[in-house]
file input12.txt (compact mmCIF, C-alpha atoms)
# COMPACT_ATOMS: atom_id res chain seq x y z
CA MET M 18 -33.06 29.89 1.96
CA ASP M 19 -33.60 33.55 1.14
CA ALA M 20 -31.35 36.46 1.96
CA GLN M 21 -33.69 37.66 4.76
CA SER M 22 -33.36 34.44 6.70
CA PRO M 23 -31.61 34.91 10.08
CA SER M 24 -29.49 31.85 9.32
CA LYS M 25 -27.83 32.19 5.93
CA ARG M 26 -25.52 29.86 4.06
CA PHE M 27 -21.90 30.95 3.88
CA THR M 28 -21.01 29.46 0.54
CA ARG M 29 -17.68 31.02 -0.26
CA GLY M 30 -15.03 30.75 2.44
CA ILE M 31 -11.35 31.48 2.25
CA PRO M 32 -9.48 28.47 0.83
CA LEU M 33 -7.31 26.48 3.18
CA HIS M 34 -4.48 26.02 0.68
CA VAL M 35 -2.25 29.02 0.03
CA GLU M 36 1.03 28.99 -1.84
CA ASN M 37 4.02 30.22 0.17
CA SER M 38 4.85 32.77 -2.52
CA VAL M 39 1.55 34.62 -2.07
CA GLU M 40 1.80 37.92 -0.22
CA ARG M 41 0.40 37.34 3.26
CA PRO M 42 -1.97 40.00 4.67
CA SER M 43 -1.80 41.39 8.18
CA PHE M 44 -3.62 39.29 10.75
CA SER M 45 -3.89 38.86 14.50
CA LEU M 46 -4.03 35.43 16.12
CA GLY M 47 -5.37 34.49 19.49
CA LEU M 48 -5.18 30.73 19.03
CA THR M 49 -3.31 28.19 21.13
CA GLN M 50 -3.32 24.64 19.87
CA ASP M 51 -1.00 21.74 19.12
CA PHE M 52 -0.82 22.59 15.43
CA GLY M 53 1.22 25.55 16.64
CA GLU M 54 0.84 27.51 19.84
CA VAL M 55 0.59 30.93 18.28
CA SER M 56 -0.09 34.20 20.02
CA GLY M 57 0.45 37.82 19.11
CA SER M 58 0.23 40.01 16.02
CA MET M 59 2.15 39.59 12.80
CA SER M 60 2.18 41.61 9.60
CA LYS M 61 3.24 40.99 6.02
CA SER M 62 6.54 42.79 6.68
CA ASN M 63 7.65 39.91 8.96
CA THR M 64 10.17 37.50 7.52
CA MET M 65 9.98 33.79 8.37
CA GLN M 66 13.05 34.20 10.59
CA GLU M 67 11.30 36.92 12.59
CA ILE M 68 8.15 34.84 12.91
CA LYS M 69 10.10 31.81 14.11
CA SER M 70 11.98 33.99 16.57
CA LYS M 71 8.71 35.28 17.99
CA LEU M 72 7.42 31.73 18.35
CA LYS M 73 10.54 30.59 20.20
CA ASN M 74 10.78 33.64 22.47
CA ASN M 75 7.09 34.30 23.07
CA PRO M 76 6.68 34.48 26.89
CA ILE M 77 2.97 33.56 26.66
CA ARG M 78 3.81 30.45 24.66
CA LEU M 79 6.64 29.50 27.05
CA GLU M 80 4.42 30.13 30.07
CA GLY M 81 1.74 27.88 28.59
CA MET M 82 4.25 25.14 27.87
CA SER M 83 5.67 25.47 31.38
CA ALA M 84 2.20 25.10 32.89
CA LYS M 85 1.52 21.96 30.84
CA LEU M 86 4.81 20.41 31.92
CA LYS M 87 4.19 21.23 35.58
CA GLN M 88 0.74 19.63 35.37
CA SER M 89 2.46 16.49 34.09
CA ASN M 90 5.03 16.66 36.94
CA ILE M 91 7.89 17.15 34.47
CA LYS M 92 10.70 19.32 35.78
CA ILE M 93 12.17 22.11 33.71
CA VAL M 94 15.96 22.25 34.01
CA GLU M 95 18.57 24.44 32.41
CA GLY M 96 20.38 22.53 29.70
CA GLY M 97 24.04 22.60 28.71
CA LYS M 98 25.53 22.49 32.21
CA LYS M 99 27.32 19.48 33.65
CA ASP M 100 26.66 18.55 37.26
CA GLN M 101 30.22 18.28 38.61
CA SER M 102 29.03 17.05 41.99
CA ALA M 103 27.64 13.89 40.37
CA ALA M 104 31.00 12.94 38.87
CA GLY M 105 32.43 9.81 40.43
CA SER M 106 29.39 9.26 42.59
CA SER M 107 27.73 5.94 41.78
CA LYS M 108 24.83 6.75 44.08
CA LYS M 109 24.01 9.95 42.23
CA ARG M 110 24.42 8.26 38.85
CA LYS M 111 21.95 5.61 39.98
CA GLU M 112 19.52 8.32 41.14
CA LYS M 113 19.88 10.11 37.82
CA SER M 114 19.18 6.85 35.97
CA THR M 115 16.06 6.24 38.06
CA ASN M 116 14.86 9.81 37.54
CA TYR M 117 15.47 9.52 33.81
CA THR M 118 13.34 6.36 33.65
CA GLU M 119 10.52 8.03 35.58
CA GLU M 120 10.71 11.22 33.54
CA ASN M 121 10.74 9.20 30.30
CA ALA M 122 7.57 7.38 31.37
CA LYS M 123 5.92 10.73 32.15
CA ARG M 124 6.95 12.11 28.77
CA LYS M 125 5.39 9.04 27.16
CA LYS M 126 2.11 9.98 28.83
CA VAL M 127 2.46 13.49 27.45
CA VAL M 128 3.02 12.07 23.96
CA VAL M 129 -0.17 10.02 24.21
CA SER M 130 -2.09 13.05 25.46
CA GLY M 131 -0.71 15.15 22.59
CA LEU M 132 -1.81 12.58 20.03
CA LEU M 133 -5.30 12.53 21.50
CA GLU M 134 -5.47 16.29 21.03
CA HIS M 135 -4.04 15.99 17.51
CA ASP M 136 -7.01 13.97 16.28
CA GLU M 137 -9.42 16.79 17.19
CA HIS M 138 -7.32 19.33 15.27
CA VAL M 139 -6.95 17.02 12.25
CA ASP M 140 -10.73 16.53 12.24
CA VAL M 141 -11.23 20.31 12.06
CA ILE M 142 -8.91 20.65 9.05
CA LEU M 143 -10.53 17.69 7.27
CA TYR M 144 -13.98 19.15 7.91
CA TYR M 145 -13.06 22.42 6.22
CA ILE M 146 -11.38 20.53 3.36
CA ARG M 147 -14.68 18.71 2.76
CA LYS M 148 -16.56 21.98 2.95
CA ARG M 149 -14.16 23.68 0.54
CA ALA M 150 -14.69 20.88 -1.97
CA LYS M 151 -18.46 21.16 -1.62
CA TYR M 152 -18.45 24.79 -2.76
CA SER M 153 -15.68 24.45 -5.33
CA ASP M 154 -16.59 24.67 -9.01
CA THR M 155 -13.18 23.65 -10.33
CA ASN M 156 -12.00 20.75 -8.15
CA ALA M 157 -11.65 17.75 -10.47
CA PHE M 158 -10.36 15.42 -7.74
CA SER M 159 -13.30 13.34 -6.50
CA PHE M 160 -12.89 12.53 -2.81
CA ILE M 161 -14.33 12.40 0.67
CA THR M 162 -12.57 12.27 4.03
CA VAL M 163 -13.48 10.50 7.25
CA ASP M 164 -12.73 11.65 10.77
CA CYS M 165 -10.20 10.16 13.18
CA ASN M 166 -12.84 8.03 14.89
CA PHE M 167 -12.95 5.79 11.81
CA SER M 168 -9.44 4.59 12.70
CA ASN M 169 -10.72 3.49 16.12
CA LEU M 170 -13.59 1.55 14.53
CA ILE M 171 -11.25 -0.37 12.21
CA THR M 172 -8.91 -1.20 15.11
CA ASN M 173 -11.82 -2.32 17.30
CA VAL M 174 -13.47 -4.57 14.71
CA TRP M 175 -10.11 -6.15 13.84
CA ASP M 176 -9.60 -6.88 17.52
CA ALA M 177 -13.10 -8.37 17.70
CA TYR M 178 -12.28 -10.79 14.88
CA TYR M 179 -8.87 -11.87 16.11
CA ASN M 180 -9.12 -11.59 19.89
CA PHE M 181 -11.62 -14.06 21.26
CA GLU M 182 -11.51 -12.35 24.66
CA SER M 183 -12.40 -8.96 23.19
CA ASN M 184 -15.37 -7.12 24.70
CA ILE M 185 -15.99 -5.15 21.50
CA ASN M 186 -19.53 -5.35 20.12
CA LYS M 187 -18.60 -6.46 16.59
CA GLU M 188 -22.06 -6.06 15.08
CA SER M 189 -22.50 -2.50 16.36
CA THR M 190 -18.98 -1.51 15.25
CA GLU M 191 -19.51 -2.96 11.79
CA GLU M 192 -22.79 -1.06 11.48
CA SER M 193 -20.95 2.17 12.31
CA ILE M 194 -18.33 1.50 9.60
CA ILE M 195 -21.06 0.88 7.02
CA GLU M 196 -22.76 4.13 8.07
CA TYR M 197 -19.55 6.00 7.18
CA ILE M 198 -19.55 4.27 3.78
CA ASN M 199 -23.18 5.27 3.21
CA GLY M 200 -22.51 8.94 4.01
CA TYR M 201 -23.75 9.24 7.58
CA ARG M 202 -21.89 10.09 10.81
CA MET M 203 -20.28 13.42 9.77
CA HIS M 204 -21.15 16.94 8.62
CA VAL M 205 -20.56 17.65 4.93
CA ALA M 206 -20.31 13.92 4.27
CA ARG M 207 -20.99 12.10 1.03
CA PRO M 208 -21.66 8.42 0.31
CA TRP M 209 -18.47 6.71 -0.79
CA HIS M 210 -20.01 5.47 -4.04
CA THR M 211 -20.31 9.09 -5.24
CA VAL M 212 -16.51 9.65 -5.13
CA ASP M 213 -13.34 7.92 -6.38
CA ASN M 214 -11.00 8.44 -3.40
CA ILE M 215 -11.36 8.24 0.38
CA LEU M 216 -8.83 10.09 2.57
CA ILE M 217 -8.38 8.37 5.95
CA PRO M 218 -6.19 9.52 8.87
CA VAL M 219 -4.77 6.43 10.59
CA ASN M 220 -3.43 6.21 14.13
CA ILE M 221 -0.51 3.79 14.57
CA LYS M 222 -0.91 3.39 18.33
CA GLU M 223 2.11 1.12 18.70
CA ILE M 224 4.47 3.95 17.76
CA PHE M 225 2.28 6.97 18.70
CA HIS M 226 2.08 8.16 15.11
CA TRP M 227 -0.53 9.40 12.60
CA ILE M 228 -0.36 8.83 8.84
CA LEU M 229 -2.69 9.45 5.91
CA ILE M 230 -3.93 6.79 3.52
CA VAL M 231 -5.88 7.32 0.30
CA VAL M 232 -8.18 4.50 -0.77
CA SER M 233 -8.33 4.66 -4.57
CA ILE M 234 -11.47 2.92 -5.77
CA ASN M 235 -10.55 2.98 -9.47
CA ASP M 236 -7.02 1.64 -8.87
CA ARG M 237 -8.10 -0.78 -6.14
CA SER M 238 -5.22 0.37 -3.98
CA ILE M 239 -4.31 2.10 -0.72
CA GLN M 240 -1.69 4.84 -1.03
CA ILE M 241 0.29 5.43 2.17
CA TYR M 242 1.55 8.93 3.09
CA ASP M 243 3.93 8.62 6.05
CA SER M 244 5.89 11.60 7.39
CA LEU M 245 8.41 9.51 9.33
CA ARG M 246 9.69 6.81 6.98
CA GLY M 247 12.79 4.81 7.85
CA GLY M 248 13.55 2.17 10.42
CA ALA M 249 12.47 -1.47 10.32
CA LEU M 250 10.31 -1.24 13.47
CA HIS M 251 8.49 1.86 12.26
CA ASP M 252 7.78 0.56 8.75
CA SER M 253 6.70 -2.82 10.11
CA SER M 254 4.24 -1.16 12.51
CA VAL M 255 2.78 0.95 9.70
CA GLU M 256 2.45 -2.02 7.35
CA ASN M 257 0.74 -4.17 10.00
CA GLU M 258 -1.79 -1.41 10.67
CA ILE M 259 -2.59 -0.70 7.01
CA LYS M 260 -3.11 -4.41 6.36
CA LYS M 261 -6.25 -4.08 8.47
CA TYR M 262 -7.63 -1.49 6.04
CA ALA M 263 -6.48 -3.44 2.98
CA GLN M 264 -8.52 -6.44 4.16
CA LEU M 265 -11.47 -4.87 5.97
CA VAL M 266 -12.36 -1.99 3.61
CA PRO M 267 -13.11 -4.27 0.61
CA MET M 268 -15.19 -6.53 2.85
CA TYR M 269 -17.36 -3.65 4.08
CA LEU M 270 -17.65 -2.18 0.59
CA SER M 271 -19.14 -5.51 -0.43
CA LYS M 272 -21.44 -5.72 2.59
CA SER M 273 -22.81 -2.20 1.91
CA ASP M 274 -23.53 -2.98 -1.80
CA PHE M 275 -20.96 -0.34 -2.73
CA TYR M 276 -20.02 -1.86 -6.08
CA GLY M 277 -23.63 -2.04 -7.23
CA LYS M 278 -24.24 1.60 -6.26
CA LYS M 279 -20.96 2.67 -7.88
CA GLY M 280 -21.73 0.79 -11.07
CA ILE M 281 -18.53 -1.26 -10.99
CA ASP M 282 -18.82 -4.54 -12.87
CA ILE M 283 -16.39 -6.80 -11.03
CA SER M 284 -16.27 -9.27 -13.92
CA SER M 285 -15.13 -6.71 -16.51
CA HIS M 286 -13.38 -3.90 -14.64
CA PRO M 287 -9.62 -4.10 -15.45
CA LYS M 288 -8.59 -3.71 -11.79
CA TYR M 289 -11.26 -6.01 -10.36
CA LYS M 290 -11.88 -8.82 -12.84
CA SER M 291 -9.08 -10.99 -11.46
CA HIS M 292 -10.23 -10.50 -7.84
CA SER M 293 -13.28 -11.22 -5.75
CA GLU M 294 -15.10 -8.34 -4.04
CA CYS M 295 -13.49 -9.10 -0.68
CA ASP M 296 -9.90 -9.57 -1.83
CA SER M 297 -7.36 -7.27 -0.17
CA PHE M 298 -6.46 -3.95 -1.80
CA GLU M 299 -2.88 -3.31 -2.90
CA MET M 300 -0.76 -1.20 -0.53
CA ILE M 301 1.51 1.44 -2.13
CA TYR M 302 3.99 3.66 -0.27
CA VAL M 303 4.21 7.19 -1.67
CA ASN M 304 7.83 8.35 -1.81
CA ASP M 305 9.49 11.78 -2.10
CA ILE M 306 7.10 13.56 0.28
CA PRO M 307 7.98 15.95 3.15
CA GLN M 308 9.33 14.26 6.28
CA GLN M 309 9.01 15.58 9.81
CA ASP M 310 11.96 16.11 12.13
CA ALA M 311 12.57 13.19 14.48
CA GLY M 312 11.45 13.82 18.04
CA ARG M 313 8.72 16.33 17.15
CA LEU M 314 4.99 15.69 17.41
CA ASP M 315 4.28 17.01 13.93
CA CYS M 316 2.53 13.97 12.45
CA GLY M 317 -0.95 15.53 12.73
CA LEU M 318 0.24 18.64 10.93
CA TYR M 319 1.71 16.56 8.11
CA VAL M 320 -1.48 14.50 7.77
CA ALA M 321 -3.46 17.73 7.38
CA ALA M 322 -0.98 19.16 4.87
CA TYR M 323 -0.94 15.96 2.79
CA ALA M 324 -4.75 15.92 2.71
CA ASP M 325 -4.83 19.61 1.78
CA HIS M 326 -2.62 19.16 -1.28
CA ILE M 327 -4.19 15.87 -2.38
CA SER M 328 -7.74 17.18 -2.10
CA ASN M 329 -6.82 20.02 -4.44
CA GLY M 330 -5.64 17.50 -7.01
CA ASN M 331 -2.02 18.58 -6.53
CA VAL M 332 1.12 16.51 -6.12
CA VAL M 333 2.42 16.72 -2.56
CA PRO M 334 5.60 18.87 -2.69
CA LYS M 335 8.90 17.34 -1.65
CA SER M 336 9.29 19.83 1.20
CA PHE M 337 7.49 22.60 3.05
CA ASP M 338 8.02 24.82 6.07
CA SER M 339 6.19 23.26 9.03
CA GLU M 340 6.35 26.45 11.12
CA PHE M 341 4.76 28.49 8.34
CA THR M 342 2.15 25.76 7.72
CA ARG M 343 1.06 25.93 11.36
CA ILE M 344 0.68 29.70 11.12
CA GLN M 345 -1.09 29.39 7.79
CA TYR M 346 -3.78 26.97 9.01
CA ALA M 347 -4.34 28.87 12.24
CA SER M 348 -4.72 32.21 10.46
CA LEU M 349 -6.95 30.88 7.66
CA LEU M 350 -9.29 29.11 10.06
CA TRP M 351 -9.43 32.18 12.29
CA ASN M 352 -10.19 34.42 9.32
CA TYR M 353 -12.80 31.96 8.05
CA GLY M 354 -14.55 31.99 11.44
CA VAL M 355 -14.57 35.80 11.47
CA GLN M 356 -16.15 35.86 8.00
CA LYS M 357 -18.84 33.39 9.10
CA ILE M 358 -19.71 35.60 12.08
CA GLN M 359 -19.90 38.66 9.86
CA ALA M 360 -22.13 36.79 7.38
CA ASP M 361 -24.36 35.46 10.21
CA ALA M 362 -23.81 31.93 8.89
CA THR M 363 -24.28 28.66 10.73
CA SER M 364 -22.47 25.42 10.02
CA ASP M 365 -25.61 23.31 10.38
CA SER M 366 -27.10 24.88 7.25
CA GLU M 367 -24.01 23.81 5.28
CA ALA M 368 -24.45 20.10 5.91
CA PRO M 369 -26.06 18.32 2.95
CA GLU M 370 -29.37 16.51 3.29
CA ARG M 371 -28.75 13.06 4.69
CA PRO M 372 -29.84 10.07 2.59
CA ILE M 373 -32.69 8.01 4.01
CA ARG M 374 -31.26 5.63 6.56
CA ILE M 375 -32.04 1.99 5.79
CA HIS M 376 -31.85 -0.27 8.81
CA ARG M 377 -31.07 -3.91 8.22
CA ASP M 378 -31.10 -6.96 10.41
CA CYS M 379 -27.70 -8.22 11.40
CA ASP M 380 -27.11 -11.93 11.79
CA SER M 381 -24.77 -12.26 14.77
CA SER M 382 -23.95 -15.84 13.76
CA GLU M 383 -22.60 -14.81 10.36
CA LYS M 384 -19.05 -16.07 9.79
CA ILE M 385 -16.52 -14.19 7.66
CA THR M 386 -13.03 -15.45 6.96
CA ILE M 387 -10.24 -12.85 6.68
CA ASN M 388 -7.22 -14.07 4.75
call {"tool": "encode", "arguments": {"input": "input12.txt", "output": "structure tokens"}}
result
Amino acid sequence: MDAQSPSKRFTRGIPLHVENSVERPSFSLGLTQDFGEVSGSMSKSNTMQEIKSKLKNNPIRLEGMSAKLKQSNIKIVEGGKKDQSAAGSSKKRKEKSTNYTEENAKRKKVVVSGLLEHDEHVDVILYYIRKRAKYSDTNAFSFITVDCNFSNLITNVWDAYYNFESNINKESTEESIIEYINGYRMHVARPWHTVDNILIPVNIKEIFHWILIVVSINDRSIQIYDSLRGGALHDSSVENEIKKYAQLVPMYLSKSDFYGKKGIDISSHPKYKSHSECDSFEMIYVNDIPQQDAGRLDCGLYVAAYADHISNGNVVPKSFDSEFTRIQYASLLWNYGVQKIQADATSDSEAPERPIRIHRDCDSSEKITIN
């Protein structure tokens, strides 16, 4: 595409990853999203304390939060004051208990709604991480990401195998999973056999939580990055969910002829020679990584931050400032969008040419045993 074309490639965008020690330029944000509801202008003279203060005391932010709560029928009350009139009154205590139960159920709905919005924001970050890698000349870490819908496909096909009353179309769902493996379904996608690592955001619906897993082809393992470790129920829920990936991913790699395309000789490869193609991958928890504060819906932010560091080939730091990370991603994406407008660039021109799609017949009577 020549320089006179009305739709030009924008091949050098601002990187998503910025060290906290770098001097931050002046910028103005007009974004409101769950990664951080940010509004107003900030300059490099602001300290982190001042920025946090603005976030907490921003009337626009509070007004937006108030509107969301009112839409969900959640009352806003002033905290820190004891209702003396309720003391000694069993009737009022009972009413308070009933109200608490109802309010808790409403908050649970808000949590679910927030997680549904999180997946859209995580997808945006992962898209730009893929695009950054495409135009990078120095990134030695070979990877591709999938979007959050991939998690739904794995959950659905697992349900189709184990729940005889499931209405899921197993054949169609399996075909969609194989299309991801072959490099379809997403912008700036690559076939899995051209990379060594696959970054997958995983939704643990049972506990309303998102984590990141990294499927390492060379190590035949799944590395688990969880921002809320601790607690038997939590860890059990995570392990049960990742077992689906440990069993299903190898099966679909085999069904898509991944190993032949990748050039992996199962009989001689040190990590594969003692396994069959469909044997489960090893699950490995990654320790000493940043943990979110309990009670906050920060899991999507942490998934994005983990993926950001890993995709750069860096070790995930033991801690980072979540408030600053929200501001960082919002400002970088905003600035990147401004640069694209100024360069008259379109995202469609940045997607690579799709490989020729090969349709295959699917035998609905085929039986596969999952150990």
call {"tool": "closest_residue", "arguments": {"input": "input12.txt", "among": "M:Ser291, M:Ser168, M:Asn180, M:Gln308", "to": "Asn220 of chain M", "atoms": "all atoms listed in the file"}}
result
M:Ser168
call {"tool": "closest_residue", "arguments": {"input": "input12.txt", "among": "M:Asp361, M:Gln309, M:Asn329, M:Thr342", "to": "Ser153 of chain M", "atoms": "only C-alpha atoms"}}
result
M:Asn329
call {"tool": "axis_aligned_box", "arguments": {"input": "input12.txt", "around": "segment 267-284 of chain M", "padding_each_side": "5 Å", "output": "lines of an AutoDock Vina configuration file"}}
result
center_x = -18.7
center_y = -3.3
center_z = -4.9
size_x = 21.1
size_y = 21.9
size_z = 28.0
call {"tool": "closest_residue", "arguments": {"input": "input12.txt", "among": "M:Asn184, M:Leu229, M:His251, M:Tyr145", "to": "Val205 of chain M", "atoms": "all atoms listed in the file"}}
result
M:Tyr145
call {"tool": "atom_distance", "arguments": {"input": "input12.txt", "atom1": "atom CA of Val232 of chain M", "atom2": "atom CA of Gln345 of chain M"}}
result
27.3 Å
call {"tool": "residues_near_point", "arguments": {"input": "input12.txt", "point": "(3.6, 11.5, 10.3)", "cutoff": "6 Å", "atoms": "only C-alpha atoms", "output": "list in words"}}
result
Trp227, Ile228, Asp243, Ser244, Leu245, Cys316 and Tyr319 of chain M
call {"tool": "closest_residue", "arguments": {"input": "input12.txt", "among": "M:Gly277, M:Gly354, M:Pro307, M:Gly312", "to": "Asp338 of chain M", "atoms": "only C-alpha atoms"}}
result
M:Pro307
call {"tool": "closest_residue", "arguments": {"input": "input12.txt", "among": "M:Tyr269, M:Phe337, M:Tyr289, M:Tyr346", "to": "Ile234 of chain M", "atoms": "all atoms listed in the file"}}
result
M:Tyr289
call {"tool": "closest_residue", "arguments": {"input": "input12.txt", "among": "M:Ile239, M:Val266, M:Val231, M:Ile224", "to": "Trp175 of chain M", "atoms": "all atoms listed in the file"}}
result
M:Val266
call {"tool": "residues_around", "arguments": {"input": "input12.txt", "residues": "Asn156 of chain M", "least_positions_apart": "3", "cutoff": "12 Å", "atoms": "only C-alpha atoms", "output": "ChimeraX atom specification"}}
result
/M:146-147,149-153,159-160,326-331
call {"tool": "residues_around", "arguments": {"input": "input12.txt", "residues": "His210 of chain M", "least_positions_apart": "3", "cutoff": "8 Å", "atoms": "all atoms listed in the file", "output": "list in words"}}
result
Ile198, Asn199, Asp213, Phe275, Tyr276, Lys278 and Lys279 of chain M
call {"tool": "atom_distance", "arguments": {"input": "input12.txt", "atom1": "atom CA of Leu216 of chain M", "atom2": "atom CA of Ile161 of chain M"}}
result
6.3 Å
call {"tool": "residues_around", "arguments": {"input": "input12.txt", "residues": "Ile230 of chain M", "least_positions_apart": "4", "cutoff": "8 Å", "atoms": "all atoms listed in the file", "output": "number ranges by chain"}}
result
M: 216-219, 239-242
call {"tool": "decode", "arguments": {"input": "input12.txt", "residues": "segment 300-325 of chain M", "atoms": "N, CA and C atoms", "output": "JSON list (two decimals), in the first residue's frame"}}
result
[["chain", "number", "residue", "atom", "x", "y", "z"],
["M", 300, "MET", "N", -0.16, -28.95, 34.87],
["M", 300, "MET", "CA", -0.61, -27.65, 35.38],
["M", 300, "MET", "C", 0.39, -27.14, 36.41],
["M", 301, "ILE", "N", 0.83, -25.87, 36.24],
["M", 301, "ILE", "CA", 1.84, -25.28, 37.13],
["M", 301, "ILE", "C", 1.35, -23.93, 37.62],
["M", 302, "TYR", "N", 1.24, -23.76, 38.94],
["M", 302, "TYR", "CA", 0.90, -22.46, 39.51],
["M", 302, "TYR", "C", 2.15, -21.58, 39.54],
["M", 303, "VAL", "N", 2.01, -20.35, 39.10],
["M", 303, "VAL", "CA", 3.11, -19.38, 39.15],
["M", 303, "VAL", "C", 2.98, -18.59, 40.44],
["M", 304, "ASN", "N", 4.01, -18.63, 41.27],
["M", 304, "ASN", "CA", 3.99, -17.96, 42.57],
["M", 304, "ASN", "C", 4.70, -16.61, 42.51],
["M", 305, "ASP", "N", 4.61, -15.86, 43.60],
["M", 305, "ASP", "CA", 5.29, -14.57, 43.76],
["M", 305, "ASP", "C", 4.92, -13.59, 42.65],
["M", 306, "ILE", "N", 3.61, -13.47, 42.40],
["M", 306, "ILE", "CA", 3.11, -12.48, 41.44],
["M", 306, "ILE", "C", 2.15, -11.54, 42.17],
["M", 307, "PRO", "N", 1.89, -10.34, 41.64],
["M", 307, "PRO", "CA", 1.01, -9.39, 42.32],
["M", 307, "PRO", "C", -0.36, -9.97, 42.60],
["M", 308, "GLN", "N", -0.90, -9.66, 43.77],
["M", 308, "GLN", "CA", -2.22, -10.13, 44.19],
["M", 308, "GLN", "C", -3.15, -8.94, 44.39],
["M", 309, "GLN", "N", -4.39, -9.08, 43.95],
["M", 309, "GLN", "CA", -5.36, -8.01, 44.09],
["M", 309, "GLN", "C", -5.90, -7.96, 45.50],
["M", 310, "ASP", "N", -6.44, -6.80, 45.87],
["M", 310, "ASP", "CA", -7.08, -6.65, 47.18],
["M", 310, "ASP", "C", -8.41, -7.40, 47.18],
["M", 311, "ALA", "N", -8.68, -8.10, 48.27],
["M", 311, "ALA", "CA", -9.94, -8.84, 48.39],
["M", 311, "ALA", "C", -11.11, -7.87, 48.34],
["M", 312, "GLY", "N", -12.17, -8.28, 47.66],
["M", 312, "GLY", "CA", -13.37, -7.45, 47.58],
["M", 312, "GLY", "C", -13.39, -6.48, 46.43],
["M", 313, "ARG", "N", -12.32, -6.42, 45.63],
["M", 313, "ARG", "CA", -12.28, -5.50, 44.49],
["M", 313, "ARG", "C", -12.35, -6.29, 43.20],
["M", 314, "LEU", "N", -13.02, -5.74, 42.20],
["M", 314, "LEU", "CA", -13.18, -6.40, 40.91],
["M", 314, "LEU", "C", -12.00, -6.03, 40.00],
["M", 315, "ASP", "N", -10.82, -6.40, 40.42],
["M", 315, "ASP", "CA", -9.60, -6.04, 39.69],
["M", 315, "ASP", "C", -9.05, -7.19, 38.85],
["M", 316, "CYS", "N", -9.72, -8.34, 38.81],
["M", 316, "CYS", "CA", -9.12, -9.51, 38.17],
["M", 316, "CYS", "C", -8.84, -9.26, 36.69],
["M", 317, "GLY", "N", -9.73, -8.54, 35.99],
["M", 317, "GLY", "CA", -9.49, -8.25, 34.57],
["M", 317, "GLY", "C", -8.25, -7.41, 34.37],
["M", 318, "LEU", "N", -8.06, -6.43, 35.25],
["M", 318, "LEU", "CA", -6.87, -5.58, 35.18],
["M", 318, "LEU", "C", -5.61, -6.41, 35.37],
["M", 319, "TYR", "N", -5.63, -7.33, 36.32],
["M", 319, "TYR", "CA", -4.45, -8.15, 36.59],
["M", 319, "TYR", "C", -4.17, -9.11, 35.44],
["M", 320, "VAL", "N", -5.22, -9.66, 34.83],
["M", 320, "VAL", "CA", -5.02, -10.52, 33.65],
["M", 320, "VAL", "C", -4.32, -9.75, 32.54],
["M", 321, "ALA", "N", -4.77, -8.51, 32.30],
["M", 321, "ALA", "CA", -4.15, -7.68, 31.26],
["M", 321, "ALA", "C", -2.70, -7.36, 31.60],
["M", 322, "ALA", "N", -2.43, -7.04, 32.87],
["M", 322, "ALA", "CA", -1.07, -6.69, 33.28],
["M", 322, "ALA", "C", -0.14, -7.90, 33.18],
["M", 323, "TYR", "N", -0.62, -9.07, 33.61],
["M", 323, "TYR", "CA", 0.19, -10.29, 33.47],
["M", 323, "TYR", "C", 0.55, -10.52, 32.01],
["M", 324, "ALA", "N", -0.47, -10.45, 31.14],
["M", 324, "ALA", "CA", -0.25, -10.69, 29.71],
["M", 324, "ALA", "C", 0.72, -9.68, 29.12],
["M", 325, "ASP", "N", 0.62, -8.43, 29.58],
["M", 325, "ASP", "CA", 1.50, -7.37, 29.09],
["M", 325, "ASP", "C", 2.96, -7.70, 29.38]]
